[in-house]
Structure formats: structure tokens, C-alpha cells
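File shown here: run_34.pdb, holding PDB, C-alpha atoms, pLDDT in the B column.
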```pdb
ATOM      1  CA  MET P  30     122.777  72.064-105.107  1.00 54.00           C
ATOM      2  CA  ALA P  31     122.473  75.592-106.435  1.00 73.00           C
ATOM      3  CA  ARG P  32     124.656  76.421-109.364  1.00 93.00           C
ATOM      4  CA  PHE P  33     126.970  79.358-108.859  1.00 96.00           C
ATOM      5  CA  LYS P  34     126.898  82.312-111.249  1.00 97.00           C
ATOM      6  CA  HIS P  35     129.566  84.842-112.129  1.00 96.00           C
ATOM      7  CA  LEU P  36     127.986  87.894-113.753  1.00 97.00           C
ATOM      8  CA  VAL P  37     130.100  90.632-115.307  1.00 96.00           C
ATOM      9  CA  ILE P  38     128.600  93.721-116.864  1.00 96.00           C
ATOM     10  CA  VAL P  39     130.836  96.248-118.520  1.00 96.00           C
ATOM     11  CA  LYS P  40     131.278  99.305-120.596  1.00 95.00           C
ATOM     12  CA  PHE P  41     134.361  98.939-122.784  1.00 97.00           C
ATOM     13  CA  LYS P  42     136.766 101.756-123.506  1.00 97.00           C
ATOM     14  CA  GLU P  43     136.131 103.390-126.858  1.00 95.00           C
ATOM     15  CA  ASP P  44     139.181 102.033-128.681  1.00 95.00           C
ATOM     16  CA  VAL P  45     138.634  98.440-127.591  1.00 96.00           C
ATOM     17  CA  VAL P  46     138.013  95.738-130.203  1.00 96.00           C
ATOM     18  CA  VAL P  47     135.336  93.700-128.458  1.00 94.00           C
ATOM     19  CA  GLU P  48     135.890  90.729-130.802  1.00 95.00           C
ATOM     20  CA  ASP P  49     139.432  90.381-129.464  1.00 95.00           C
ATOM     21  CA  ILE P  50     138.179  90.338-125.889  1.00 96.00           C
ATOM     22  CA  LEU P  51     135.599  87.719-126.851  1.00 95.00           C
ATOM     23  CA  LYS P  52     138.232  85.515-128.439  1.00 96.00           C
ATOM     24  CA  GLY P  53     140.164  85.655-125.186  1.00 95.00           C
ATOM     25  CA  MET P  54     137.050  84.720-123.238  1.00 96.00           C
ATOM     26  CA  GLN P  55     136.226  81.822-125.533  1.00 95.00           C
ATOM     27  CA  LYS P  56     139.768  80.496-125.058  1.00 95.00           C
ATOM     28  CA  LEU P  57     139.460  80.992-121.311  1.00 96.00           C
ATOM     29  CA  VAL P  58     136.216  79.075-120.874  1.00 96.00           C
ATOM     30  CA  SER P  59     137.404  76.277-123.136  1.00 95.00           C
ATOM     31  CA  GLU P  60     140.584  75.899-121.090  1.00 94.00           C
ATOM     32  CA  ILE P  61     138.956  75.911-117.672  1.00 96.00           C
ATOM     33  CA  ASP P  62     136.777  72.897-117.053  1.00 95.00           C
ATOM     34  CA  ALA P  63     135.182  74.420-113.950  1.00 96.00           C
ATOM     35  CA  VAL P  64     133.230  76.760-116.265  1.00 96.00           C
ATOM     36  CA  LYS P  65     130.115  74.728-117.005  1.00 95.00           C
ATOM     37  CA  SER P  66     128.432  77.248-119.266  1.00 95.00           C
ATOM     38  CA  PHE P  67     129.129  80.668-120.681  1.00 96.00           C
ATOM     39  CA  GLU P  68     126.923  83.076-122.545  1.00 96.00           C
ATOM     40  CA  TRP P  69     127.051  86.760-123.257  1.00 97.00           C
ATOM     41  CA  GLY P  70     125.134  89.512-124.958  1.00 97.00           C
ATOM     42  CA  GLN P  71     125.146  93.116-126.008  1.00 96.00           C
ATOM     43  CA  ASP P  72     122.230  95.253-124.928  1.00 94.00           C
ATOM     44  CA  ILE P  73     120.063  96.211-127.875  1.00 90.00           C
ATOM     45  CA  GLU P  74     117.243  98.043-126.176  1.00 83.00           C
ATOM     46  CA  GLY P  75     119.294 101.172-125.747  1.00 72.00           C
ATOM     47  CA  GLU P  76     117.540 102.513-122.687  1.00 75.00           C
ATOM     48  CA  GLU P  77     120.635 104.475-121.778  1.00 74.00           C
ATOM     49  CA  MET P  78     119.230 105.758-118.509  1.00 75.00           C
ATOM     50  CA  LEU P  79     118.457 102.258-117.284  1.00 81.00           C
ATOM     51  CA  ARG P  80     121.672 100.577-118.312  1.00 82.00           C
ATOM     52  CA  GLN P  81     123.903 103.288-116.897  1.00 84.00           C
ATOM     53  CA  GLY P  82     126.300 103.232-119.832  1.00 89.00           C
ATOM     54  CA  LEU P  83     126.903  99.502-119.473  1.00 94.00           C
ATOM     55  CA  THR P  84     126.596  97.588-122.730  1.00 94.00           C
ATOM     56  CA  HIS P  85     127.799  93.988-122.442  1.00 96.00           C
ATOM     57  CA  ALA P  86     126.824  91.193-120.059  1.00 97.00           C
ATOM     58  CA  PHE P  87     128.859  88.014-119.522  1.00 97.00           C
ATOM     59  CA  LEU P  88     127.452  85.144-117.540  1.00 97.00           C
ATOM     60  CA  MET P  89     129.343  82.059-116.409  1.00 97.00           C
ATOM     61  CA  THR P  90     127.919  79.106-114.528  1.00 96.00           C
ATOM     62  CA  PHE P  91     129.758  76.791-112.162  1.00 97.00           C
ATOM     63  CA  GLU P  92     128.697  73.603-110.383  1.00 95.00           C
ATOM     64  CA  ASP P  93     129.158  75.336-107.063  1.00 95.00           C
ATOM     65  CA  LYS P  94     131.134  77.959-105.178  1.00 95.00           C
ATOM     66  CA  GLN P  95     134.212  75.706-105.217  1.00 95.00           C
ATOM     67  CA  GLY P  96     134.132  75.639-109.016  1.00 96.00           C
ATOM     68  CA  TYR P  97     134.007  79.412-109.095  1.00 96.00           C
ATOM     69  CA  THR P  98     136.900  79.684-106.644  1.00 96.00           C
ATOM     70  CA  ALA P  99     138.959  77.304-108.789  1.00 96.00           C
ATOM     71  CA  PHE P 100     138.187  79.460-111.840  1.00 97.00           C
ATOM     72  CA  VAL P 101     139.199  82.706-110.132  1.00 95.00           C
ATOM     73  CA  GLY P 102     142.513  81.256-109.033  1.00 96.00           C
ATOM     74  CA  HIS P 103     143.286  79.530-112.354  1.00 97.00           C
ATOM     75  CA  PRO P 104     146.445  80.963-114.022  1.00 96.00           C
ATOM     76  CA  CYS P 105     144.548  81.485-117.316  1.00 96.00           C
ATOM     77  CA  HIS P 106     141.934  83.578-115.502  1.00 96.00           C
ATOM     78  CA  VAL P 107     144.545  85.600-113.661  1.00 96.00           C
ATOM     79  CA  GLU P 108     146.286  86.323-116.975  1.00 96.00           C
ATOM     80  CA  PHE P 109     143.041  87.147-118.782  1.00 96.00           C
ATOM     81  CA  SER P 110     141.836  89.435-115.999  1.00 95.00           C
ATOM     82  CA  ALA P 111     144.933  91.577-116.287  1.00 95.00           C
ATOM     83  CA  THR P 112     144.181  92.208-119.978  1.00 93.00           C
ATOM     84  CA  PHE P 113     140.439  92.554-119.426  1.00 96.00           C
ATOM     85  CA  SER P 114     140.820  95.180-116.735  1.00 95.00           C
ATOM     86  CA  THR P 115     142.734  97.465-119.102  1.00 96.00           C
ATOM     87  CA  ALA P 116     139.865  97.284-121.630  1.00 97.00           C
ATOM     88  CA  ILE P 117     137.014  98.400-119.430  1.00 96.00           C
ATOM     89  CA  ASP P 118     135.705 101.809-118.615  1.00 95.00           C
ATOM     90  CA  LYS P 119     133.085 100.633-116.114  1.00 94.00           C
ATOM     91  CA  ILE P 120     132.233  97.313-114.486  1.00 94.00           C
ATOM     92  CA  VAL P 121     129.605  95.729-112.282  1.00 94.00           C
ATOM     93  CA  LEU P 122     130.326  92.280-110.948  1.00 94.00           C
ATOM     94  CA  LEU P 123     127.989  89.970-109.037  1.00 95.00           C
ATOM     95  CA  ASP P 124     128.669  86.423-107.857  1.00 95.00           C
ATOM     96  CA  PHE P 125     125.836  84.400-106.448  1.00 96.00           C
ATOM     97  CA  PRO P 126     124.289  80.975-105.935  1.00 96.00           C
ATOM     98  CA  SER P 127     121.501  80.833-108.496  1.00 96.00           C
ATOM     99  CA  VAL P 128     117.917  80.319-107.363  1.00 94.00           C
ATOM    100  CA  VAL P 129     115.909  78.838-110.205  1.00 92.00           C
ATOM    101  CA  VAL P 130     112.250  79.882-109.995  1.00 92.00           C
ATOM    102  CA  LYS P 131     111.188  78.783-113.453  1.00 87.00           C
ATOM    103  CA  ALA P 132     113.318  76.208-115.240  1.00 86.00           C
ATOM    104  CA  ALA P 133     114.112  76.336-118.945  1.00 77.00           C
ATOM    105  CA  ARG P 134     111.763  74.239-121.057  1.00 62.00           C
TER
ATOM    106  CA  MET Q 145     117.588  81.211-132.847  1.00 54.00           C
ATOM    107  CA  ALA Q 146     119.212  83.126-130.017  1.00 73.00           C
ATOM    108  CA  ARG Q 147     117.238  83.252-126.828  1.00 93.00           C
ATOM    109  CA  PHE Q 148     116.521  86.716-125.534  1.00 96.00           C
ATOM    110  CA  LYS Q 149     117.589  87.719-122.031  1.00 97.00           C
ATOM    111  CA  HIS Q 150     116.211  90.345-119.685  1.00 96.00           C
ATOM    112  CA  LEU Q 151     118.732  91.126-116.972  1.00 97.00           C
ATOM    113  CA  VAL Q 152     117.859  93.323-114.018  1.00 96.00           C
ATOM    114  CA  ILE Q 153     120.365  94.205-111.326  1.00 96.00           C
ATOM    115  CA  VAL Q 154     119.266  96.264-108.370  1.00 96.00           C
ATOM    116  CA  LYS Q 155     119.964  97.713-105.006  1.00 95.00           C
ATOM    117  CA  PHE Q 156     116.786  97.704-102.939  1.00 97.00           C
ATOM    118  CA  LYS Q 157     115.785 100.507-100.617  1.00 97.00           C
ATOM    119  CA  GLU Q 158     116.656  99.783 -97.006  1.00 95.00           C
ATOM    120  CA  ASP Q 159     113.119  99.188 -95.727  1.00 95.00           C
ATOM    121  CA  VAL Q 160     112.147  96.811 -98.529  1.00 96.00           C
ATOM    122  CA  VAL Q 161     111.200  93.226 -97.702  1.00 96.00           C
ATOM    123  CA  VAL Q 162     112.908  91.387-100.543  1.00 94.00           C
ATOM    124  CA  GLU Q 163     110.826  88.233 -99.927  1.00 95.00           C
ATOM    125  CA  ASP Q 164     107.681  90.192-100.814  1.00 95.00           C
ATOM    126  CA  ILE Q 165     109.221  91.379-104.071  1.00 96.00           C
ATOM    127  CA  LEU Q 166     110.259  87.822-104.859  1.00 95.00           C
ATOM    128  CA  LYS Q 167     106.753  86.539-104.266  1.00 96.00           C
ATOM    129  CA  GLY Q 168     105.499  89.108-106.742  1.00 96.00           C
ATOM    130  CA  MET Q 169     108.108  88.009-109.273  1.00 96.00           C
ATOM    131  CA  GLN Q 170     107.278  84.339-108.848  1.00 95.00           C
ATOM    132  CA  LYS Q 171     103.625  85.129-109.478  1.00 95.00           C
ATOM    133  CA  LEU Q 172     104.574  87.238-112.479  1.00 96.00           C
ATOM    134  CA  VAL Q 173     106.678  84.595-114.208  1.00 96.00           C
ATOM    135  CA  SER Q 174     104.105  81.880-113.512  1.00 95.00           C
ATOM    136  CA  GLU Q 175     101.373  84.014-115.065  1.00 94.00           C
ATOM    137  CA  ILE Q 176     103.239  85.008-118.200  1.00 96.00           C
ATOM    138  CA  ASP Q 177     103.943  82.102-120.497  1.00 95.00           C
ATOM    139  CA  ALA Q 178     106.422  84.086-122.595  1.00 96.00           C
ATOM    140  CA  VAL Q 179     108.902  83.830-119.696  1.00 96.00           C
ATOM    141  CA  LYS Q 180     110.692  80.577-120.456  1.00 95.00           C
ATOM    142  CA  SER Q 181     113.010  80.601-117.463  1.00 95.00           C
ATOM    143  CA  PHE Q 182     113.706  82.777-114.477  1.00 96.00           C
ATOM    144  CA  GLU Q 183     116.490  82.679-111.951  1.00 96.00           C
ATOM    145  CA  TRP Q 184     117.902  85.155-109.486  1.00 97.00           C
ATOM    146  CA  GLY Q 185     120.598  85.522-106.893  1.00 97.00           C
ATOM    147  CA  GLN Q 186     122.039  87.705-104.213  1.00 96.00           C
ATOM    148  CA  ASP Q 187     125.707  88.559-104.422  1.00 94.00           C
ATOM    149  CA  ILE Q 188     127.704  86.857-101.686  1.00 89.00           C
ATOM    150  CA  GLU Q 189     131.216  87.823-102.609  1.00 83.00           C
ATOM    151  CA  GLY Q 190     130.842  91.271-101.140  1.00 71.00           C
ATOM    152  CA  GLU Q 191     133.354  93.031-103.329  1.00 75.00           C
ATOM    153  CA  GLU Q 192     131.593  96.294-102.761  1.00 74.00           C
ATOM    154  CA  MET Q 193     133.810  98.276-105.084  1.00 75.00           C
ATOM    155  CA  LEU Q 194     133.088  95.925-107.978  1.00 80.00           C
ATOM    156  CA  ARG Q 195     129.374  95.556-107.520  1.00 82.00           C
ATOM    157  CA  GLN Q 196     128.748  99.279-107.096  1.00 84.00           C
ATOM    158  CA  GLY Q 197     126.208  98.837-104.323  1.00 89.00           C
ATOM    159  CA  LEU Q 198     124.077  96.487-106.425  1.00 94.00           C
ATOM    160  CA  THR Q 199     123.107  93.308-104.607  1.00 94.00           C
ATOM    161  CA  HIS Q 200     120.490  91.291-106.505  1.00 96.00           C
ATOM    162  CA  ALA Q 201     120.441  89.956-110.060  1.00 97.00           C
ATOM    163  CA  PHE Q 202     117.297  88.740-111.848  1.00 97.00           C
ATOM    164  CA  LEU Q 203     117.540  86.949-115.169  1.00 97.00           C
ATOM    165  CA  MET Q 204     114.656  86.028-117.419  1.00 97.00           C
ATOM    166  CA  THR Q 205     114.864  84.127-120.676  1.00 96.00           C
ATOM    167  CA  PHE Q 206     112.502  84.378-123.630  1.00 97.00           C
ATOM    168  CA  GLU Q 207     112.294  82.396-126.859  1.00 95.00           C
ATOM    169  CA  ASP Q 208     113.062  85.528-128.801  1.00 95.00           C
ATOM    170  CA  LYS Q 209     112.688  89.302-128.874  1.00 95.00           C
ATOM    171  CA  GLN Q 210     108.958  88.954-129.564  1.00 95.00           C
ATOM    172  CA  GLY Q 211     108.514  86.985-126.363  1.00 96.00           C
ATOM    173  CA  TYR Q 212     110.265  89.715-124.440  1.00 96.00           C
ATOM    174  CA  THR Q 213     108.111  92.397-126.046  1.00 96.00           C
ATOM    175  CA  ALA Q 214     104.973  90.447-125.133  1.00 96.00           C
ATOM    176  CA  PHE Q 215     106.206  90.226-121.534  1.00 97.00           C
ATOM    177  CA  VAL Q 216     106.946  93.938-121.263  1.00 95.00           C
ATOM    178  CA  GLY Q 217     103.497  94.855-122.529  1.00 96.00           C
ATOM    179  CA  HIS Q 218     101.644  92.256-120.426  1.00 97.00           C
ATOM    180  CA  PRO Q 219      99.247  93.874-117.899  1.00 96.00           C
ATOM    181  CA  CYS Q 220     100.755  91.809-115.043  1.00 96.00           C
ATOM    182  CA  HIS Q 221     104.216  93.126-115.877  1.00 97.00           C
ATOM    183  CA  VAL Q 222     103.019  96.691-116.135  1.00 96.00           C
ATOM    184  CA  GLU Q 223     101.388  96.363-112.714  1.00 96.00           C
ATOM    185  CA  PHE Q 224     104.400  94.662-111.156  1.00 96.00           C
ATOM    186  CA  SER Q 225     106.822  97.236-112.578  1.00 95.00           C
ATOM    187  CA  ALA Q 226     104.968 100.048-110.855  1.00 95.00           C
ATOM    188  CA  THR Q 227     105.452  98.351-107.474  1.00 93.00           C
ATOM    189  CA  PHE Q 228     108.999  97.254-108.241  1.00 96.00           C
ATOM    190  CA  SER Q 229     110.147 100.721-109.190  1.00 95.00           C
ATOM    191  CA  THR Q 230     109.145 102.105-105.790  1.00 96.00           C
ATOM    192  CA  ALA Q 231     111.293  99.452-104.063  1.00 97.00           C
ATOM    193  CA  ILE Q 232     114.602 100.133-105.761  1.00 96.00           C
ATOM    194  CA  ASP Q 233     117.361 102.510-104.920  1.00 95.00           C
ATOM    195  CA  LYS Q 234     119.497 101.727-107.972  1.00 94.00           C
ATOM    196  CA  ILE Q 235     118.997  99.675-111.126  1.00 94.00           C
ATOM    197  CA  VAL Q 236     120.905  98.435-114.136  1.00 94.00           C
ATOM    198  CA  LEU Q 237     118.938  96.832-116.916  1.00 94.00           C
ATOM    199  CA  LEU Q 238     120.239  95.030-119.989  1.00 95.00           C
ATOM    200  CA  ASP Q 239     118.232  93.255-122.687  1.00 95.00           C
ATOM    201  CA  PHE Q 240     120.049  91.193-125.259  1.00 96.00           C
ATOM    202  CA  PRO Q 241     119.979  88.203-127.583  1.00 96.00           C
ATOM    203  CA  SER Q 242     122.084  85.605-125.801  1.00 96.00           C
ATOM    204  CA  VAL Q 243     125.187  84.210-127.483  1.00 94.00           C
ATOM    205  CA  VAL Q 244     125.975  80.804-126.027  1.00 92.00           C
ATOM    206  CA  VAL Q 245     129.717  80.075-126.147  1.00 92.00           C
ATOM    207  CA  LYS Q 246     129.756  77.074-123.852  1.00 87.00           C
ATOM    208  CA  ALA Q 247     126.518  75.194-123.317  1.00 86.00           C
ATOM    209  CA  ALA Q 248     125.420  73.792-119.966  1.00 77.00           C
ATOM    210  CA  ARG Q 249     126.347  70.150-119.491  1.00 62.00           C
TER
END
```

Take the structure in this file and express it as C-alpha cells.
Amino acid sequence: MARFKHLVIVKFKEDVVVEDILKGMQKLVSEIDAVKSFEWGQDIEGEEMLRQGLTHAFLMTFEDKQGYTAFVGHPCHVEFSATFSTAIDKIVLLDFPSVVVKAAR
Amino acid sequence: MARFKHLVIVKFKEDVVVEDILKGMQKLVSEIDAVKSFEWGQDIEGEEMLRQGLTHAFLMTFEDKQGYTAFVGHPCHVEFSATFSTAIDKIVLLDFPSVVVKAAR
């Protein structure tokens, strides 16, 4: 079965301490078992025109859509989202079953 | 060492046959050894406001930044990019060293 991905791309507000947000995310993914993997990154290529001001990408993987739904409704996620939403200037969010064309070696 | 990610999120033009684009991508990643993994997905949650019109996410993984640089400069990528750019209405592109917080189990 296709794994389900939750992709969040953001531009943080200027006064935000990204490390604090990351600590919250680390706590979140450790508390919620439905999150099977979590990785993130900060764009370093700096092609401003192509990233549309967005700087950070966060990618979570779930077993399936049900796992994702459980995550979204989890009290820890609801609480975290409230804080997270006050920290962001811009967001793009995509949720999709992942189609693996070339598997990691 | 941190793996390097190339994340492309797009909204295709209305008359584009996405399957054709995907075939081109599959060929591309099979031809370029530097691409260690490739997966993609189409958003199914439909939260239009949060995805900003963007519908498809493409994620490639490289051993490191050098692998990514080799990919970008590869003749097959240069050729594919020319076609790809005519097919898209909107794009967001982020390139980053991946920080793995929770590893896939």
C-alpha cells in the first residue's frame, strides 16, 4: 500500500525562533506513533523567484491515509497547530499517497 | 552525511497530460544515476486555500549536494526542464540538505 505523505512548506514570520518550532515538532512526532518518519530542511539554493519566499520544508510519512487522519485529530497535533499557525507568514500544504518511482538504495 | 533533497511543487496548465510528464520524469530518473530515489504524489485533501492552487509534489533524493549539482547539469535534465517549464502554471522549488528527525521504520 502507498505510504501517505504530509508536506508542509512555509515562510516563518521574521521574529520567529525556528529552533523553538523544531523542538515542538520533534516532541510532536515522538509522541504520535502514527508518524512513521519525519524529515525537514531549509532551502539553501536561494533561487528566490522559484521558491516564492518559502524557506522550510517539513515532510511526514504515514502508513496510510488512516494514519494521517489519526495524526491530524491527535490532541498534541491540534495543540501544536495552534502555535504553529501564529508563527507562519506563508504556507503551502499538500497531502498525498506517495508513488515511489525509484526506491532509495 | 545529510542526503540532499530536490522538492518541486507545481500546478500544471489545464491542457497538460500529466501522464506524459510523468513518463518523462521516470525516464529522467532512470537515466541519471545521481538520483537515488524519486517519489511523487497528487494532493487529495483538496484544501484549496492551504495548497495555493498547487497540486503535484515531486521529491528527489541525492547522496549529497554534489549529486544534486551533477543532476542539474546533466544534459537529460536540461532537456527535460525545457519541456517541463512549458507545462507548468505555477511552481515552488526548494533544495535542501535533509535533516532526519524520525527515521522510517

Closest atom pairs, chain P residues within 10 Å of chain Q, all atoms listed in the file, as a tab-separated table:
```
residue	atom	partner	partner_atom	distance
P:Phe33	CA	Q:Gly185	CA	9.1
P:Lys34	CA	Q:Gly185	CA	8.3
P:His35	CA	Q:Asp187	CA	9.4
P:Leu36	CA	Q:Ala201	CA	8.6
P:Val37	CA	Q:Arg195	CA	9.2
P:Ile38	CA	Q:Leu238	CA	9.0
P:Leu51	CA	Q:Val245	CA	9.7
P:Met54	CA	Q:Val245	CA	9.2
P:Gln55	CA	Q:Val245	CA	6.8
P:Val58	CA	Q:Lys246	CA	7.4
P:Ser59	CA	Q:Lys246	CA	7.7
P:Val64	CA	Q:Lys246	CA	8.4
P:Lys65	CA	Q:Ala248	CA	5.6
P:Ser66	CA	Q:Ala248	CA	4.6
P:Phe67	CA	Q:Lys246	CA	4.8
P:Glu68	CA	Q:Val244	CA	4.3
P:Trp69	CA	Q:Val243	CA	5.3
P:Gly70	CA	Q:Ser242	CA	5.0
P:Gln71	CA	Q:Phe240	CA	5.5
P:Asp72	CA	Q:Phe240	CA	4.6
P:Ile73	CA	Q:Phe240	CA	5.7
P:Glu74	CA	Q:Asp239	CA	6.0
P:Gly75	CA	Q:Leu238	CA	8.5
P:Glu76	CA	Q:Leu237	CA	8.2
P:Glu77	CA	Q:Leu237	CA	9.2
P:Met78	CA	Q:Val236	CA	8.7
P:Leu79	CA	Q:Leu237	CA	5.5
P:Arg80	CA	Q:Val236	CA	4.8
P:Gln81	CA	Q:Val236	CA	6.3
P:Gly82	CA	Q:Val236	CA	9.2
P:Leu83	CA	Q:Leu238	CA	8.0
P:Thr84	CA	Q:Leu238	CA	7.4
P:His85	CA	Q:Leu238	CA	8.0
P:Ala86	CA	Q:Leu238	CA	7.6
P:Phe87	CA	Q:Ser242	CA	9.5
P:Leu88	CA	Q:Val244	CA	9.6
P:Met89	CA	Q:Lys246	CA	9.0
P:Thr90	CA	Q:Ala248	CA	8.0
P:Phe91	CA	Q:Ala248	CA	9.4
P:Lys119	CA	Q:Leu194	CA	9.4
P:Ile120	CA	Q:Leu194	CA	6.7
P:Val121	CA	Q:Arg195	CA	4.8
P:Leu122	CA	Q:Arg195	CA	4.8
P:Leu123	CA	Q:Asp187	CA	5.3
P:Asp124	CA	Q:Asp187	CA	5.0
P:Phe125	CA	Q:Asp187	CA	4.6
P:Pro126	CA	Q:Gly185	CA	5.9
P:Ser127	CA	Q:Gly185	CA	5.0
P:Val128	CA	Q:Trp184	CA	5.3
P:Val129	CA	Q:Glu183	CA	4.3
P:Val130	CA	Q:Glu183	CA	5.4
P:Lys131	CA	Q:Ser181	CA	4.8
P:Ala132	CA	Q:Ser181	CA	4.9
P:Ala133	CA	Q:Ser181	CA	4.6
P:Arg134	CA	Q:Lys180	CA	6.5
```

Original post:
Which residues fall under the PyMOL selection byres ((chain Q and resi 221) around 12) in this file, as number ranges by chain?
Top reply: Q: 168-179, 212-220, 222-229

Padding 4 Å on every side, please: axis-aligned box over the listed atoms of segment 57-66 of chain P, centre and edge lengths to one decimal in Å, as lines of an AutoDock Vina configuration file.
```
center_x = 134.5
center_y = 76.9
center_z = -118.5
size_x = 20.2
size_y = 16.1
size_z = 17.2
```

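We find atom CA of Val160 of chain Q and atom CA of Arg32 of chain P to be spaced 26.3 Å apart.
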
Original post:
Which distance in Å separates atom CA of Asp164 of chain Q and atom CA of Ala231 of chain Q, to one decimal?
Top reply: 10.5 Å

Original post:
In Å, with one decimal, what is the gap from atom CA of Lys157 of chain Q to atom CA of Lys40 of chain P?
Top reply: 25.3 Å

Kindly add N, CA, C and O atoms to the incomplete segment 203-218 of chain Q and provide the output as a PDB file, keeping the file's coordinate frame.
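File written: part.pdb
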```pdb
ATOM      1  N   LEU Q 203     117.306  87.278-113.767  1.00 97.00           N
ATOM      2  CA  LEU Q 203     117.540  86.949-115.169  1.00 97.00           C
ATOM      3  C   LEU Q 203     116.383  86.148-115.748  1.00 97.00           C
ATOM      4  O   LEU Q 203     116.090  85.048-115.295  1.00 97.00           O
ATOM      5  N   MET Q 204     115.747  86.726-116.743  1.00 97.00           N
ATOM      6  CA  MET Q 204     114.656  86.028-117.419  1.00 97.00           C
ATOM      7  C   MET Q 204     115.062  85.699-118.847  1.00 97.00           C
ATOM      8  O   MET Q 204     115.793  86.454-119.480  1.00 97.00           O
ATOM      9  N   THR Q 205     114.556  84.562-119.320  1.00 96.00           N
ATOM     10  CA  THR Q 205     114.864  84.127-120.676  1.00 96.00           C
ATOM     11  C   THR Q 205     113.573  83.996-121.477  1.00 96.00           C
ATOM     12  O   THR Q 205     112.574  83.475-120.975  1.00 96.00           O
ATOM     13  N   PHE Q 206     113.642  84.466-122.716  1.00 97.00           N
ATOM     14  CA  PHE Q 206     112.502  84.378-123.630  1.00 97.00           C
ATOM     15  C   PHE Q 206     112.946  83.651-124.896  1.00 97.00           C
ATOM     16  O   PHE Q 206     114.126  83.647-125.231  1.00 97.00           O
ATOM     17  N   GLU Q 207     111.995  83.074-125.597  1.00 95.00           N
ATOM     18  CA  GLU Q 207     112.294  82.396-126.859  1.00 95.00           C
ATOM     19  C   GLU Q 207     113.011  83.330-127.809  1.00 95.00           C
ATOM     20  O   GLU Q 207     113.960  82.951-128.474  1.00 95.00           O
ATOM     21  N   ASP Q 208     112.517  84.558-127.870  1.00 95.00           N
ATOM     22  CA  ASP Q 208     113.062  85.528-128.801  1.00 95.00           C
ATOM     23  C   ASP Q 208     112.625  86.933-128.377  1.00 95.00           C
ATOM     24  O   ASP Q 208     111.944  87.100-127.364  1.00 95.00           O
ATOM     25  N   LYS Q 209     113.012  87.905-129.178  1.00 95.00           N
ATOM     26  CA  LYS Q 209     112.688  89.302-128.874  1.00 95.00           C
ATOM     27  C   LYS Q 209     111.176  89.528-128.768  1.00 95.00           C
ATOM     28  O   LYS Q 209     110.711  90.296-127.929  1.00 95.00           O
ATOM     29  N   GLN Q 210     110.418  88.821-129.580  1.00 95.00           N
ATOM     30  CA  GLN Q 210     108.958  88.954-129.564  1.00 95.00           C
ATOM     31  C   GLN Q 210     108.392  88.522-128.211  1.00 95.00           C
ATOM     32  O   GLN Q 210     107.476  89.155-127.684  1.00 95.00           O
ATOM     33  N   GLY Q 211     108.951  87.456-127.668  1.00 96.00           N
ATOM     34  CA  GLY Q 211     108.514  86.985-126.363  1.00 96.00           C
ATOM     35  C   GLY Q 211     108.760  88.032-125.290  1.00 96.00           C
ATOM     36  O   GLY Q 211     107.918  88.268-124.415  1.00 96.00           O
ATOM     37  N   TYR Q 212     109.908  88.653-125.389  1.00 96.00           N
ATOM     38  CA  TYR Q 212     110.265  89.715-124.440  1.00 96.00           C
ATOM     39  C   TYR Q 212     109.305  90.898-124.566  1.00 96.00           C
ATOM     40  O   TYR Q 212     108.833  91.445-123.564  1.00 96.00           O
ATOM     41  N   THR Q 213     109.021  91.271-125.796  1.00 96.00           N
ATOM     42  CA  THR Q 213     108.111  92.397-126.046  1.00 96.00           C
ATOM     43  C   THR Q 213     106.715  92.105-125.486  1.00 96.00           C
ATOM     44  O   THR Q 213     106.080  92.970-124.884  1.00 96.00           O
ATOM     45  N   ALA Q 214     106.277  90.858-125.660  1.00 96.00           N
ATOM     46  CA  ALA Q 214     104.973  90.447-125.133  1.00 96.00           C
ATOM     47  C   ALA Q 214     104.967  90.551-123.598  1.00 96.00           C
ATOM     48  O   ALA Q 214     103.981  90.991-123.000  1.00 96.00           O
ATOM     49  N   PHE Q 215     106.061  90.163-122.997  1.00 97.00           N
ATOM     50  CA  PHE Q 215     106.206  90.226-121.534  1.00 97.00           C
ATOM     51  C   PHE Q 215     106.128  91.667-121.041  1.00 97.00           C
ATOM     52  O   PHE Q 215     105.385  91.982-120.102  1.00 97.00           O
ATOM     53  N   VAL Q 216     106.892  92.535-121.686  1.00 95.00           N
ATOM     54  CA  VAL Q 216     106.946  93.938-121.263  1.00 95.00           C
ATOM     55  C   VAL Q 216     105.567  94.596-121.322  1.00 95.00           C
ATOM     56  O   VAL Q 216     105.187  95.361-120.443  1.00 95.00           O
ATOM     57  N   GLY Q 217     104.813  94.248-122.352  1.00 96.00           N
ATOM     58  CA  GLY Q 217     103.497  94.855-122.529  1.00 96.00           C
ATOM     59  C   GLY Q 217     102.373  94.156-121.767  1.00 96.00           C
ATOM     60  O   GLY Q 217     101.235  94.637-121.750  1.00 96.00           O
ATOM     61  N   HIS Q 218     102.670  93.019-121.155  1.00 97.00           N
ATOM     62  CA  HIS Q 218     101.644  92.256-120.426  1.00 97.00           C
ATOM     63  C   HIS Q 218     101.139  93.051-119.213  1.00 97.00           C
ATOM     64  O   HIS Q 218     101.937  93.597-118.462  1.00 97.00           O
TER      65      HIS Q 218
END
```
